[in-house]
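Below: one structure, written as structure tokens.
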Amino acid sequence: MGPTTSPGSAWPGAVPARCSSHSSSSDGEPRGEAMADSEMLAARVQALEDLEAIKRLKHRYWRCLDQKCWDELAECFAADATVDYGSGQYRFQGVDAIMHFLRTSLGEQSGTVGIHHGGHPEIELLSPTAARGSWVLWNFLFNAGQKRNIRIGAYYADEYVKVGAEWRIRHTGYSALFHEEWSREDTPSVRVLVPSHAGF
């Protein structure tokens with residue numbers, strides 16, 4: 001049987017290590033530097049995951065608007081969220097007020113159908129739980145009953161907050177680069193095939 005040691009004692013014949021700010025790992029790399037590198041890598045991975053989660057959040061927001069998934073859309077917002085649409089023309093605070101406006105203006109009963117196409121994200125992580133971002137928007141809406149078409153090009157300015165493990169929209173709003181409307185009667189041959197309830 002080989003020599004034994006008691007807790008806290010050195011192996012027989014061992015040379016006490018000198019005090020050092022960096023001990024070495026088995027491959028000779030200072031442990032302090034290895035730990036710092038590991039922590040930096042973990043932080044960078046977390047940042048990438050946060051950026052991807054925010055992108056998915058914004059995409060879900062637009063999809064829910066287009067598909068009129070109101071309950072799912074409400075979950076995209078923080079409880080104290082604010083919105084500012086149309087360069088300040090429509091401002092609301094709190095999820096209930098925001099959802100009332102969106103349901104009323106874009107709900108199925110309004111007759112409005114549209115698609116929001118967004119891209120060019122520029123997202124900045126301000127802290128582990130806060131971020132802001134800019135997005136470009138191309139939006140086409142039509143209302144066959146009102147014989148009205150709308151086309152909007154704009155830039156969104158957003159703020160995000162992480163609630164628990166989930167990112168939420170704290171503020172969203174856009175300023176239009178252009179907003180144009182025209183009558184569907186200008187093209188009398190146009191017909192709506194999908195969705196069928198929007199055709200007149």
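Naming scheme: A, B, ... for chains in displayed order of the structure tokens; residues 1 onward per chain; ligands 1 onward as shown.
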Proximity check range 11-123 of chain A to range 143-163 of chain A, 9 Å, nearest pairs one decimal Å, only C-alpha atoms, as CSV:
residue,atom,partner,partner_atom,distance
A:Ile54,CA,A:Tyr160,CA,7.8
A:Phe77,CA,A:Tyr160,CA,8.9
A:Ala78,CA,A:Val161,CA,7.4
A:Gly86,CA,A:Ala154,CA,9.0
A:Ser110,CA,A:Asn143,CA,8.2
A:Gly111,CA,A:Asn143,CA,5.6
A:Thr112,CA,A:Asn143,CA,4.6
A:Val113,CA,A:Asn143,CA,6.4
A:Gly114,CA,A:Asn143,CA,8.8
Next item on the list: Select from chain A everything DSSP, run on the backbone, classes as alpha helix (DSSP H), then give the selection as a ChimeraX atom specification.
Entry: /A:31-67,70-74,95-106
Output N, CA and C atoms for every residue in the selection just made, as a short mmCIF file (atom, residue, chain, number, x, y, z; two decimals), in the first residue's frame.
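Saved as part-v2.cif:
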data_model
loop_
_atom_site.label_atom_id
_atom_site.label_comp_id
_atom_site.auth_asym_id
_atom_site.auth_seq_id
_atom_site.Cartn_x
_atom_site.Cartn_y
_atom_site.Cartn_z
N ARG A 31 -4.81 28.34 -15.15
CA ARG A 31 -6.21 28.06 -14.88
C ARG A 31 -7.05 29.33 -14.90
N GLY A 32 -6.50 30.42 -14.38
CA GLY A 32 -7.26 31.67 -14.38
C GLY A 32 -7.62 32.11 -15.77
N GLU A 33 -6.68 32.00 -16.71
CA GLU A 33 -6.95 32.39 -18.08
C GLU A 33 -7.95 31.44 -18.73
N ALA A 34 -7.84 30.15 -18.41
CA ALA A 34 -8.77 29.17 -18.97
C ALA A 34 -10.19 29.46 -18.49
N MET A 35 -10.33 29.80 -17.19
CA MET A 35 -11.65 30.10 -16.66
C MET A 35 -12.21 31.37 -17.29
N ALA A 36 -11.33 32.37 -17.48
CA ALA A 36 -11.78 33.62 -18.10
C ALA A 36 -12.24 33.37 -19.53
N ASP A 37 -11.48 32.55 -20.27
CA ASP A 37 -11.87 32.22 -21.64
C ASP A 37 -13.20 31.49 -21.67
N SER A 38 -13.39 30.57 -20.71
CA SER A 38 -14.63 29.81 -20.65
C SER A 38 -15.82 30.72 -20.35
N GLU A 39 -15.62 31.65 -19.42
CA GLU A 39 -16.70 32.57 -19.07
C GLU A 39 -17.02 33.50 -20.24
N MET A 40 -15.98 33.94 -20.95
CA MET A 40 -16.19 34.81 -22.11
C MET A 40 -16.96 34.07 -23.20
N LEU A 41 -16.59 32.81 -23.42
CA LEU A 41 -17.28 32.01 -24.43
C LEU A 41 -18.75 31.82 -24.05
N ALA A 42 -19.00 31.52 -22.77
CA ALA A 42 -20.38 31.34 -22.32
C ALA A 42 -21.18 32.62 -22.51
N ALA A 43 -20.55 33.78 -22.22
CA ALA A 43 -21.25 35.06 -22.39
C ALA A 43 -21.56 35.33 -23.85
N ARG A 44 -20.63 34.98 -24.74
CA ARG A 44 -20.86 35.20 -26.16
C ARG A 44 -21.95 34.29 -26.69
N VAL A 45 -21.98 33.04 -26.23
CA VAL A 45 -23.03 32.12 -26.63
C VAL A 45 -24.39 32.62 -26.14
N GLN A 46 -24.43 33.10 -24.89
CA GLN A 46 -25.69 33.63 -24.35
C GLN A 46 -26.16 34.84 -25.15
N ALA A 47 -25.22 35.70 -25.55
CA ALA A 47 -25.58 36.87 -26.35
C ALA A 47 -26.17 36.46 -27.69
N LEU A 48 -25.58 35.46 -28.33
CA LEU A 48 -26.11 34.97 -29.60
C LEU A 48 -27.50 34.37 -29.43
N GLU A 49 -27.70 33.64 -28.33
CA GLU A 49 -29.02 33.07 -28.06
C GLU A 49 -30.05 34.17 -27.82
N ASP A 50 -29.64 35.23 -27.11
CA ASP A 50 -30.55 36.34 -26.85
C ASP A 50 -30.92 37.06 -28.15
N LEU A 51 -29.94 37.29 -29.00
CA LEU A 51 -30.21 37.95 -30.28
C LEU A 51 -31.18 37.13 -31.12
N GLU A 52 -30.98 35.82 -31.17
CA GLU A 52 -31.87 34.96 -31.94
C GLU A 52 -33.27 34.96 -31.34
N ALA A 53 -33.37 34.96 -30.02
CA ALA A 53 -34.68 34.97 -29.36
C ALA A 53 -35.43 36.27 -29.67
N ILE A 54 -34.72 37.39 -29.70
CA ILE A 54 -35.35 38.67 -30.01
C ILE A 54 -35.83 38.70 -31.46
N LYS A 55 -35.03 38.16 -32.37
CA LYS A 55 -35.45 38.09 -33.77
C LYS A 55 -36.72 37.25 -33.91
N ARG A 56 -36.75 36.11 -33.24
CA ARG A 56 -37.93 35.24 -33.30
C ARG A 56 -39.15 35.94 -32.69
N LEU A 57 -38.92 36.71 -31.64
CA LEU A 57 -40.01 37.46 -31.01
C LEU A 57 -40.62 38.45 -31.99
N LYS A 58 -39.78 39.20 -32.69
CA LYS A 58 -40.29 40.19 -33.65
C LYS A 58 -40.98 39.51 -34.82
N HIS A 59 -40.43 38.42 -35.30
CA HIS A 59 -41.08 37.68 -36.38
C HIS A 59 -42.45 37.16 -35.93
N ARG A 60 -42.52 36.67 -34.69
CA ARG A 60 -43.80 36.17 -34.17
C ARG A 60 -44.82 37.30 -34.05
N TYR A 61 -44.36 38.46 -33.65
CA TYR A 61 -45.23 39.64 -33.55
C TYR A 61 -45.87 39.93 -34.91
N TRP A 62 -45.08 39.97 -35.97
CA TRP A 62 -45.63 40.25 -37.30
C TRP A 62 -46.53 39.12 -37.79
N ARG A 63 -46.11 37.87 -37.56
CA ARG A 63 -46.94 36.75 -38.00
C ARG A 63 -48.30 36.79 -37.32
N CYS A 64 -48.31 37.07 -36.02
CA CYS A 64 -49.57 37.10 -35.29
C CYS A 64 -50.47 38.24 -35.77
N LEU A 65 -49.88 39.37 -36.15
CA LEU A 65 -50.66 40.45 -36.73
C LEU A 65 -51.34 39.99 -38.01
N ASP A 66 -50.57 39.35 -38.89
CA ASP A 66 -51.10 38.94 -40.19
C ASP A 66 -52.14 37.83 -40.06
N GLN A 67 -51.88 36.87 -39.17
CA GLN A 67 -52.79 35.73 -39.01
C GLN A 67 -53.87 36.00 -37.97
N TRP A 70 -54.56 36.77 -31.83
CA TRP A 70 -54.52 37.84 -30.84
C TRP A 70 -54.00 37.38 -29.48
N ASP A 71 -54.38 36.20 -29.03
CA ASP A 71 -53.90 35.73 -27.72
C ASP A 71 -52.39 35.51 -27.75
N GLU A 72 -51.89 34.94 -28.83
CA GLU A 72 -50.45 34.72 -28.96
C GLU A 72 -49.72 36.05 -29.09
N LEU A 73 -50.33 36.99 -29.79
CA LEU A 73 -49.71 38.31 -29.95
C LEU A 73 -49.58 39.01 -28.60
N ALA A 74 -50.60 38.90 -27.76
CA ALA A 74 -50.56 39.55 -26.45
C ALA A 74 -49.37 39.07 -25.62
N VAL A 95 -50.92 46.20 -22.14
CA VAL A 95 -51.30 45.16 -23.10
C VAL A 95 -52.77 45.25 -23.49
N ASP A 96 -53.65 45.51 -22.53
CA ASP A 96 -55.08 45.56 -22.83
C ASP A 96 -55.41 46.65 -23.85
N ALA A 97 -54.85 47.84 -23.65
CA ALA A 97 -55.11 48.95 -24.56
C ALA A 97 -54.52 48.68 -25.94
N ILE A 98 -53.33 48.11 -25.96
CA ILE A 98 -52.68 47.79 -27.24
C ILE A 98 -53.49 46.77 -28.02
N MET A 99 -53.91 45.71 -27.34
CA MET A 99 -54.63 44.64 -28.02
C MET A 99 -56.01 45.11 -28.47
N HIS A 100 -56.65 45.98 -27.71
CA HIS A 100 -57.96 46.51 -28.13
C HIS A 100 -57.81 47.27 -29.44
N PHE A 101 -56.77 48.09 -29.54
CA PHE A 101 -56.54 48.84 -30.77
C PHE A 101 -56.27 47.90 -31.95
N LEU A 102 -55.41 46.92 -31.76
CA LEU A 102 -55.04 46.02 -32.86
C LEU A 102 -56.21 45.15 -33.28
N ARG A 103 -56.97 44.64 -32.32
CA ARG A 103 -58.14 43.84 -32.66
C ARG A 103 -59.17 44.66 -33.44
N THR A 104 -59.35 45.91 -33.02
CA THR A 104 -60.36 46.76 -33.65
C THR A 104 -59.94 47.17 -35.06
N SER A 105 -58.68 47.54 -35.22
CA SER A 105 -58.23 48.07 -36.51
C SER A 105 -57.87 46.98 -37.52
N LEU A 106 -57.46 45.80 -37.04
CA LEU A 106 -57.01 44.75 -37.95
C LEU A 106 -57.78 43.44 -37.81
#
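Nearest residue to Trp138 in chain A among A:His171, A:Lys68, A:His179, A:Arg191 is A:His179, counting only C-alpha atoms.
The spacing separating CA of Ser175 in chain A from CA of Ile115 in chain A amounts to 17.5 Å.
Going from CA of Glu166 in chain A to CA of Glu108 in chain A covers 29.1 Å.
Here CA of Gly119 in chain A is placed at a distance of 18.9 Å from CA of Asp84 in chain A.
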